[in-house]
file model-v4.txt (compact mmCIF, C-alpha atoms)
# COMPACT_ATOMS: atom_id res chain seq x y z
CA MET A 16 2.79 46.44 -11.82
CA THR A 17 4.92 43.81 -13.44
CA LEU A 18 4.88 40.11 -12.73
CA LEU A 19 8.02 40.27 -10.62
CA ASP A 20 6.54 43.04 -8.48
CA PHE A 21 3.42 40.94 -8.03
CA ILE A 22 5.46 37.92 -6.96
CA TYR A 23 7.56 40.07 -4.66
CA TYR A 24 4.75 42.04 -3.02
CA PHE A 25 1.89 39.53 -2.96
CA VAL A 26 2.88 35.88 -3.38
CA LEU A 27 5.92 35.80 -1.11
CA PRO A 28 4.23 37.69 1.80
CA VAL A 29 1.16 35.46 1.59
CA LEU A 30 3.35 32.37 1.69
CA SER A 31 5.27 33.83 4.65
CA ILE A 32 2.04 34.46 6.58
CA SER A 33 0.99 30.88 5.80
CA ILE A 34 4.32 29.59 7.15
CA ILE A 35 3.76 31.57 10.37
CA LEU A 36 0.20 30.25 10.81
CA ILE A 37 1.29 26.65 10.22
CA PHE A 38 4.18 27.12 12.64
CA ILE A 39 1.76 28.28 15.34
CA ARG A 40 -0.10 24.98 14.89
CA PHE A 41 3.24 23.18 14.94
CA LEU A 42 3.99 24.69 18.34
CA MET A 43 0.45 24.33 19.71
CA GLY A 44 -0.52 20.92 18.33
CA PRO A 45 -2.04 19.04 21.25
CA LYS A 46 -0.93 15.64 19.96
CA MET A 47 2.18 14.38 18.21
CA VAL A 48 0.12 13.62 15.10
CA ASP A 49 -0.83 17.29 14.69
CA ARG A 50 2.84 18.20 14.69
CA VAL A 51 3.55 15.62 12.02
CA ILE A 52 0.79 17.06 9.79
CA ALA A 53 2.06 20.59 10.41
CA LEU A 54 5.60 19.55 9.48
CA ASP A 55 4.33 17.99 6.27
CA LEU A 56 2.47 21.18 5.38
CA LEU A 57 5.51 23.31 6.26
CA VAL A 58 7.71 21.41 3.82
CA THR A 59 4.98 21.55 1.16
CA THR A 60 4.76 25.33 1.57
CA GLY A 61 8.55 25.40 1.22
CA ILE A 62 8.12 23.84 -2.23
CA GLY A 63 5.79 26.73 -3.07
CA PHE A 64 8.44 29.19 -1.85
CA ILE A 65 11.05 27.58 -4.07
CA SER A 66 8.82 27.75 -7.14
CA ALA A 67 8.04 31.43 -6.44
CA TYR A 68 11.75 32.18 -6.14
CA SER A 69 12.46 30.31 -9.36
CA ILE A 70 10.01 32.67 -11.09
CA LEU A 71 11.51 35.71 -9.36
CA TYR A 72 15.16 35.04 -10.19
CA ASN A 73 14.45 33.19 -13.44
CA GLN A 74 16.40 30.13 -12.34
CA PRO A 75 14.55 26.86 -12.91
CA THR A 76 17.49 24.93 -11.45
CA LEU A 77 16.04 25.62 -8.01
CA LEU A 78 13.24 23.17 -8.75
CA ASP A 79 15.65 20.27 -8.19
CA VAL A 80 15.63 21.19 -4.52
CA ALA A 81 11.83 21.17 -4.58
CA MET A 82 11.84 17.60 -5.85
CA ILE A 83 14.17 16.46 -3.07
CA LEU A 84 12.04 18.29 -0.51
CA ALA A 85 8.88 16.52 -1.71
CA LEU A 86 10.66 13.17 -1.35
CA ILE A 87 11.91 13.98 2.14
CA ALA A 88 8.49 15.23 3.32
CA PHE A 89 6.84 11.95 2.36
CA LEU A 90 9.65 9.95 3.93
CA GLY A 91 9.43 11.93 7.16
CA THR A 92 5.68 11.47 7.43
CA VAL A 93 5.93 7.73 6.87
CA ALA A 94 8.73 7.35 9.43
CA PHE A 95 6.97 9.44 12.07
CA THR A 96 3.67 7.57 11.68
CA TYR A 97 5.51 4.25 11.84
CA TYR A 98 7.15 5.10 15.13
CA ILE A 99 4.02 6.70 16.60
CA GLN A 100 2.07 3.55 15.79
CA LYS A 101 4.79 1.41 17.36
CA LYS A 102 4.78 3.52 20.48
CA ASN A 103 0.95 3.53 20.39
CA LYS A 104 0.61 6.95 21.95
CA PRO A 105 -0.61 9.96 19.97
CA MET B 279 0.12 37.61 -22.06
CA THR B 280 2.23 34.83 -20.56
CA ASP B 281 2.99 37.12 -17.63
CA LEU B 282 -0.72 37.58 -17.00
CA ILE B 283 -1.40 33.83 -16.97
CA VAL B 284 1.60 33.22 -14.70
CA GLY B 285 0.38 35.96 -12.36
CA VAL B 286 -3.14 34.54 -12.15
CA LEU B 287 -1.83 31.02 -11.51
CA ALA B 288 0.57 32.25 -8.83
CA PHE B 289 -2.24 34.32 -7.25
CA PHE B 290 -4.55 31.35 -6.92
CA GLY B 291 -1.72 29.08 -5.77
CA ALA B 292 -0.73 31.45 -2.98
CA LEU B 293 -4.37 31.91 -2.03
CA PHE B 294 -4.98 28.17 -1.73
CA VAL B 295 -1.84 27.69 0.34
CA PHE B 296 -3.08 30.51 2.60
CA PHE B 297 -6.47 28.81 2.94
CA ALA B 298 -4.71 25.59 3.89
CA ALA B 299 -2.71 27.43 6.56
CA VAL B 300 -5.81 29.10 8.01
CA GLY B 301 -7.64 25.76 8.02
CA MET B 302 -4.67 24.14 9.70
CA LEU B 303 -4.92 26.69 12.49
CA ARG B 304 -8.70 26.89 12.82
CA MET B 305 -9.94 23.32 12.34
CA ARG B 306 -11.03 21.64 15.55
CA ASP B 307 -9.87 18.10 15.01
CA THR B 308 -6.90 16.12 13.76
CA TYR B 309 -8.96 14.47 11.03
CA LEU B 310 -10.33 17.77 9.74
CA ARG B 311 -6.78 19.12 9.68
CA ILE B 312 -5.62 16.11 7.64
CA SER B 313 -8.36 16.79 5.09
CA VAL B 314 -7.30 20.45 4.77
CA THR B 315 -3.65 19.53 4.30
CA THR B 316 -4.34 17.01 1.60
CA LYS B 317 -6.65 18.96 -0.66
CA ALA B 318 -6.06 22.70 -0.48
CA ALA B 319 -2.29 22.66 -0.08
CA THR B 320 -1.79 20.16 -2.90
CA LEU B 321 -3.88 22.28 -5.28
CA GLY B 322 -2.06 25.47 -4.29
CA ILE B 323 1.41 24.00 -4.70
CA GLY B 324 0.41 22.48 -8.03
CA LEU B 325 -0.76 25.87 -9.32
CA LEU B 326 2.47 27.56 -8.17
CA LEU B 327 4.59 24.90 -9.86
CA VAL B 328 2.61 25.20 -13.12
CA ALA B 329 3.15 28.97 -12.99
CA SER B 330 6.89 28.42 -12.60
CA ALA B 331 6.93 26.00 -15.54
CA LEU B 332 5.01 28.45 -17.71
CA HIS B 333 7.33 31.33 -16.84
CA SER B 334 10.51 29.55 -17.92
CA TYR B 335 9.28 28.18 -21.21
CA GLU B 336 11.55 25.12 -21.44
CA LEU B 337 11.03 21.43 -21.84
CA ALA B 338 13.45 20.44 -19.06
CA THR B 339 11.67 22.62 -16.49
CA THR B 340 8.26 21.40 -17.58
CA ALA B 341 9.35 17.79 -17.19
CA LYS B 342 10.77 18.51 -13.75
CA VAL B 343 7.57 20.28 -12.65
CA PHE B 344 5.47 17.45 -14.04
CA ALA B 345 7.50 14.94 -12.02
CA ILE B 346 7.11 16.98 -8.82
CA ILE B 347 3.35 17.39 -9.29
CA LEU B 348 2.91 13.69 -10.06
CA PHE B 349 4.89 12.76 -6.96
CA LEU B 350 2.89 15.16 -4.78
CA PHE B 351 -0.43 13.86 -6.11
CA LEU B 352 0.69 10.28 -5.48
CA THR B 353 2.06 10.78 -1.98
CA ALA B 354 -0.44 13.24 -0.47
CA PRO B 355 -3.32 10.71 -0.15
CA VAL B 356 -0.97 7.97 1.02
CA SER B 357 0.55 10.06 3.79
CA ALA B 358 -2.87 11.43 4.80
CA HIS B 359 -4.23 7.90 5.06
CA LEU B 360 -1.23 6.80 7.12
CA VAL B 361 -1.55 9.70 9.53
CA GLY B 362 -5.31 9.23 9.88
CA ARG B 363 -4.97 5.51 10.49
CA THR B 364 -2.25 6.04 13.06
CA SER B 365 -4.19 8.72 14.90
CA TYR B 366 -7.37 6.62 14.99
CA PHE B 367 -5.54 3.56 16.23
CA SER B 368 -3.64 5.45 18.88
CA GLY B 369 -6.85 6.89 20.26
CA VAL B 370 -7.20 10.48 19.04
CA LYS B 371 -10.77 11.57 19.70
CA LEU B 372 -13.07 13.00 17.06
CA TRP B 373 -14.52 16.47 17.46
CA LYS B 374 -17.71 16.36 19.52
CA ASN B 375 -19.84 17.70 16.64
CA SER B 376 -18.58 15.21 14.07
CA VAL B 377 -21.51 13.20 12.71
CA MET B 378 -19.83 10.21 11.07
CA ASP B 379 -17.48 7.60 12.48
CA ASP B 380 -17.37 4.68 10.07
CA MET B 381 -14.84 2.72 12.11
CA LYS B 382 -16.81 2.86 15.34
CA GLY B 383 -16.80 -0.57 16.97
CA LYS B 384 -14.66 -2.15 14.27
CA TYR B 385 -11.30 -1.72 15.95
CA ASN B 386 -10.34 -3.43 19.17
CA PRO B 387 -7.58 -1.46 20.92
CA GLU B 388 -6.63 -4.31 23.26
CA THR B 389 -6.02 -6.96 20.62
CA GLU B 390 -5.14 -4.41 17.88
CA VAL B 391 -7.36 -6.23 15.39
CA LEU B 392 -9.32 -4.33 12.78
CA GLY B 393 -12.48 -6.13 11.68
CA SER B 394 -15.25 -5.36 9.25
CA GLY B 395 -17.83 -4.95 12.02
CA LEU B 396 -19.90 -7.93 10.84
CA GLU B 397 -18.19 -10.74 12.76
CA ASN B 398 -20.71 -11.09 15.61
CA GLU B 399 -23.91 -10.43 13.72
CA SER B 400 -23.76 -12.90 10.86
CA GLU B 401 -27.04 -14.59 11.78
CA SER B 402 -28.91 -11.39 12.39
CA SER B 403 -27.63 -9.92 9.12
CA ASP B 404 -28.76 -13.06 7.28
CA ALA B 405 -32.19 -12.68 8.80
CA LYS B 406 -32.21 -9.05 7.78
CA LYS B 407 -31.28 -9.99 4.22
CA ASP B 408 -34.14 -12.50 4.08
CA TYR B 409 -36.48 -9.87 5.33
CA GLU B 410 -35.29 -7.42 2.70
CA ASP B 411 -35.65 -9.96 -0.10
call {"tool": "encode", "arguments": {"input": "model-v4.txt", "output": "structure tokens"}}
result
Amino acid sequence: MTLLDFIYYFVLPVLSISIILIFIRFLMGPKMVDRVIALDLLVTTGIGFISAYSILYNQPTLLDVAMILALIAFLGTVAFTYYIQKKNKP
Amino acid sequence: MTDLIVGVLAFFGALFVFFAAVGMLRMRDTYLRISVTTKAATLGIGLLLVASALHSYELATTAKVFAIILFLFLTAPVSAHLVGRTSYFSGVKLWKNSVMDDMKGKYNPETEVLGSGLENESESSDAKKDYED
């Protein structure tokens, strides 16, 4: 079993199952805050996906997208918490 | 040899991301969920990124990965603190079996003022200090 097989048959399925589990919490989340946390974790898992794909296809250029995604995740969390606090309703 | 190290790092990274996802689904409380998101997911993503940097053995990729990891490690506690503060102030309840609530009685929801909890008991705390001395 080579490294690429390992990435293809273990790492990517595990990350996919994680995405599904987090998305269930994103749909369930009783409060708005839970959805914000789930969104943050979804984007963070997307960074993991991108790094796994950059190993699989041997293209480190994809990591630029990961950097932008990390920036946007932080920005989204800050904006959502700002407006939730203004509205003062979870 | 490099392939083996990359495989082990990717294995543990994927495993920690999976633990974070399970914790996200199973934890009972918003605050517990915040703690899961901050620690386990950050470690897992960091391991995956290090594996990617080790696989393509270049300086440019390593610098990029270092920048991403540094940014993640800087922003994860900040965003977790923001979300926790917002959820406490907007009245999200703790789980019924939680044992600690350090901000109990220190925040007034009507006036939206956060105190240190020692405003009304200055005399009694002075007396207590004298007693302890």
call {"tool": "residues_around", "arguments": {"input": "model-v4.txt", "residues": "Ile35 in chain A", "least_positions_apart": "6", "cutoff": "10 Å", "atoms": "all atoms listed in the file", "output": "PyMOL selection string"}}
result
(chain A and resi 29+41+57) or (chain B and resi 299)
call {"tool": "closest_residue", "arguments": {"input": "model-v4.txt", "among": "B:Ile347, B:Met378, B:Leu396, B:Val391", "to": "Ala85 in chain A", "atoms": "only C-alpha atoms"}}
result
B:Ile347
call {"tool": "closest_residue", "arguments": {"input": "model-v4.txt", "among": "B:Leu348, B:Ala354, B:Val370, B:Leu325", "to": "Val286 in chain B", "atoms": "all atoms listed in the file"}}
result
B:Leu325
call {"tool": "residues_around", "arguments": {"input": "model-v4.txt", "residues": "Asp20 in chain A", "least_positions_apart": "6", "cutoff": "12 Å", "atoms": "all atoms listed in the file", "output": "PDB file with C-alpha atoms, keeping the file's coordinate frame"}}
result
ATOM      1  CA  VAL A  26       2.880  35.880  -3.380  1.00  0.00           C
ATOM      2  CA  LEU A  27       5.920  35.800  -1.110  1.00  0.00           C
ATOM      3  CA  PRO A  28       4.230  37.690   1.800  1.00  0.00           C
ATOM      4  CA  ALA A  67       8.040  31.430  -6.440  1.00  0.00           C
ATOM      5  CA  ILE A  70      10.010  32.670 -11.090  1.00  0.00           C
ATOM      6  CA  LEU A  71      11.510  35.710  -9.360  1.00  0.00           C
ATOM      7  CA  TYR A  72      15.160  35.040 -10.190  1.00  0.00           C
TER       8      TYR A  72
ATOM      9  CA  ASP B 281       2.990  37.120 -17.630  1.00  0.00           C
ATOM     10  CA  GLY B 285       0.380  35.960 -12.360  1.00  0.00           C
TER      11      GLY B 285
END
call {"tool": "closest_atom_pairs", "arguments": {"input": "model-v4.txt", "of": "chain A", "to": "chain B", "cutoff": "9 Å", "atoms": "all atoms listed in the file", "output": "CSV"}}
result
residue,atom,partner,partner_atom,distance
A:Thr17,CA,B:Asp281,CA,8.1
A:Leu18,CA,B:Asp281,CA,6.0
A:Leu19,CA,B:Gly285,CA,8.9
A:Phe21,CA,B:Gly285,CA,7.3
A:Ile22,CA,B:Gly285,CA,7.7
A:Phe25,CA,B:Phe289,CA,7.9
A:Val26,CA,B:Ala292,CA,5.7
A:Leu27,CA,B:Ala292,CA,8.2
A:Val29,CA,B:Ala292,CA,6.4
A:Leu30,CA,B:Ala292,CA,6.3
A:Ile32,CA,B:Phe296,CA,7.6
A:Ser33,CA,B:Ala299,CA,5.1
A:Ile34,CA,B:Ala299,CA,7.4
A:Ile35,CA,B:Ala299,CA,8.6
A:Leu36,CA,B:Ala299,CA,5.9
A:Ile37,CA,B:Ala299,CA,5.5
A:Ile39,CA,B:Leu303,CA,7.4
A:Arg40,CA,B:Leu303,CA,5.6
A:Lys46,CA,B:Val370,CA,8.2
A:Val48,CA,B:Ser365,CA,6.5
A:Asp49,CA,B:Thr308,CA,6.3
A:Val51,CA,B:Val361,CA,8.2
A:Ile52,CA,B:Ile312,CA,6.8
A:Ala53,CA,B:Met302,CA,7.6
A:Asp55,CA,B:Thr315,CA,8.4
A:Leu56,CA,B:Thr315,CA,6.4
A:Thr59,CA,B:Ile323,CA,7.3
A:Thr60,CA,B:Val295,CA,7.1
A:Ile62,CA,B:Ile323,CA,7.2
A:Gly63,CA,B:Ile323,CA,5.4
A:Phe64,CA,B:Leu326,CA,8.8
A:Ser66,CA,B:Leu327,CA,5.8
A:Ala67,CA,B:Ser330,CA,7.0
A:Tyr68,CA,B:Ser330,CA,8.9
A:Ser69,CA,B:Ser330,CA,6.7
A:Ile70,CA,B:Ser330,CA,5.5
A:Asn73,CA,B:Ser334,CA,7.0
A:Gln74,CA,B:Ser334,CA,8.1
A:Pro75,CA,B:Thr339,CA,6.3
A:Thr76,CA,B:Thr339,CA,8.0
A:Leu78,CA,B:Lys342,CA,7.3
A:Asp79,CA,B:Lys342,CA,7.6
A:Ala81,CA,B:Ile346,CA,7.6
A:Met82,CA,B:Ile346,CA,5.6
A:Ala85,CA,B:Leu350,CA,6.9
A:Leu86,CA,B:Phe349,CA,8.1
A:Phe89,CA,B:Thr353,CA,6.6
A:Thr92,CA,B:Ser357,CA,6.4
A:Val93,CA,B:Ser357,CA,6.6
A:Phe95,CA,B:Val361,CA,8.9
A:Thr96,CA,B:Val361,CA,6.0
A:Tyr97,CA,B:Thr364,CA,8.1
A:Ile99,CA,B:Thr364,CA,7.2
A:Gln100,CA,B:Thr364,CA,5.7
A:Lys102,CA,B:Ser368,CA,8.8
A:Asn103,CA,B:Ser368,CA,5.2
A:Lys104,CA,B:Ser368,CA,5.5
A:Pro105,CA,B:Ser368,CA,5.5
call {"tool": "atom_distance", "arguments": {"input": "model-v4.txt", "atom1": "CA of Ile87 in chain A", "atom2": "CA of Pro355 in chain B"}}
result
15.7 Å
call {"tool": "closest_residue", "arguments": {"input": "model-v4.txt", "among": "A:Met16, A:Leu54, A:Leu77, A:Ile65", "to": "Gly91 in chain A", "atoms": "only C-alpha atoms"}}
result
A:Leu54
call {"tool": "axis_aligned_box", "arguments": {"input": "model-v4.txt", "around": "range 22-37 of chain A", "padding_each_side": "6 Å", "output": "AutoDock Vina command-line options"}}
result
--center_x 3.9 --center_y 34.3 --center_z 1.9 --size_x 19.4 --size_y 27.4 --size_z 29.8
call {"tool": "atom_distance", "arguments": {"input": "model-v4.txt", "atom1": "CA of Val58 in chain A", "atom2": "CA of Leu84 in chain A"}}
result
6.9 Å
call {"tool": "atom_distance", "arguments": {"input": "model-v4.txt", "atom1": "CA of Leu310 in chain B", "atom2": "CA of Asp379 in chain B"}}
result
12.7 Å
call {"tool": "decode", "arguments": {"input": "model-v4.txt", "residues": "range 25-50 of chain A", "atoms": "C-alpha atoms", "output": "tab-separated table (two decimals), in the first residue's frame"}}
result
chain	number	residue	atom	x	y	z
A	25	PHE	CA	-8.20	6.31	4.47
A	26	VAL	CA	-7.61	10.04	4.89
A	27	LEU	CA	-10.15	11.36	2.39
A	28	PRO	CA	-13.01	9.06	3.57
A	29	VAL	CA	-12.35	9.93	7.21
A	30	LEU	CA	-12.43	13.62	6.37
A	31	SER	CA	-15.65	13.11	4.40
A	32	ILE	CA	-17.31	11.36	7.35
A	33	SER	CA	-16.17	14.23	9.58
A	34	ILE	CA	-17.74	16.74	7.17
A	35	ILE	CA	-21.03	14.80	7.30
A	36	LEU	CA	-21.02	14.66	11.12
A	37	ILE	CA	-20.28	18.38	11.41
A	38	PHE	CA	-22.99	19.15	8.86
A	39	ILE	CA	-25.53	17.23	10.96
A	40	ARG	CA	-24.66	19.54	13.87
A	41	PHE	CA	-24.89	22.49	11.48
A	42	LEU	CA	-28.45	21.49	10.61
A	43	MET	CA	-29.45	20.51	14.16
A	44	GLY	CA	-27.74	23.23	16.18
A	45	PRO	CA	-30.35	24.48	18.63
A	46	LYS	CA	-28.93	28.00	18.75
A	47	MET	CA	-27.39	30.30	16.17
A	48	VAL	CA	-24.05	30.11	17.99
A	49	ASP	CA	-23.82	26.35	17.43
A	50	ARG	CA	-24.24	26.92	13.71
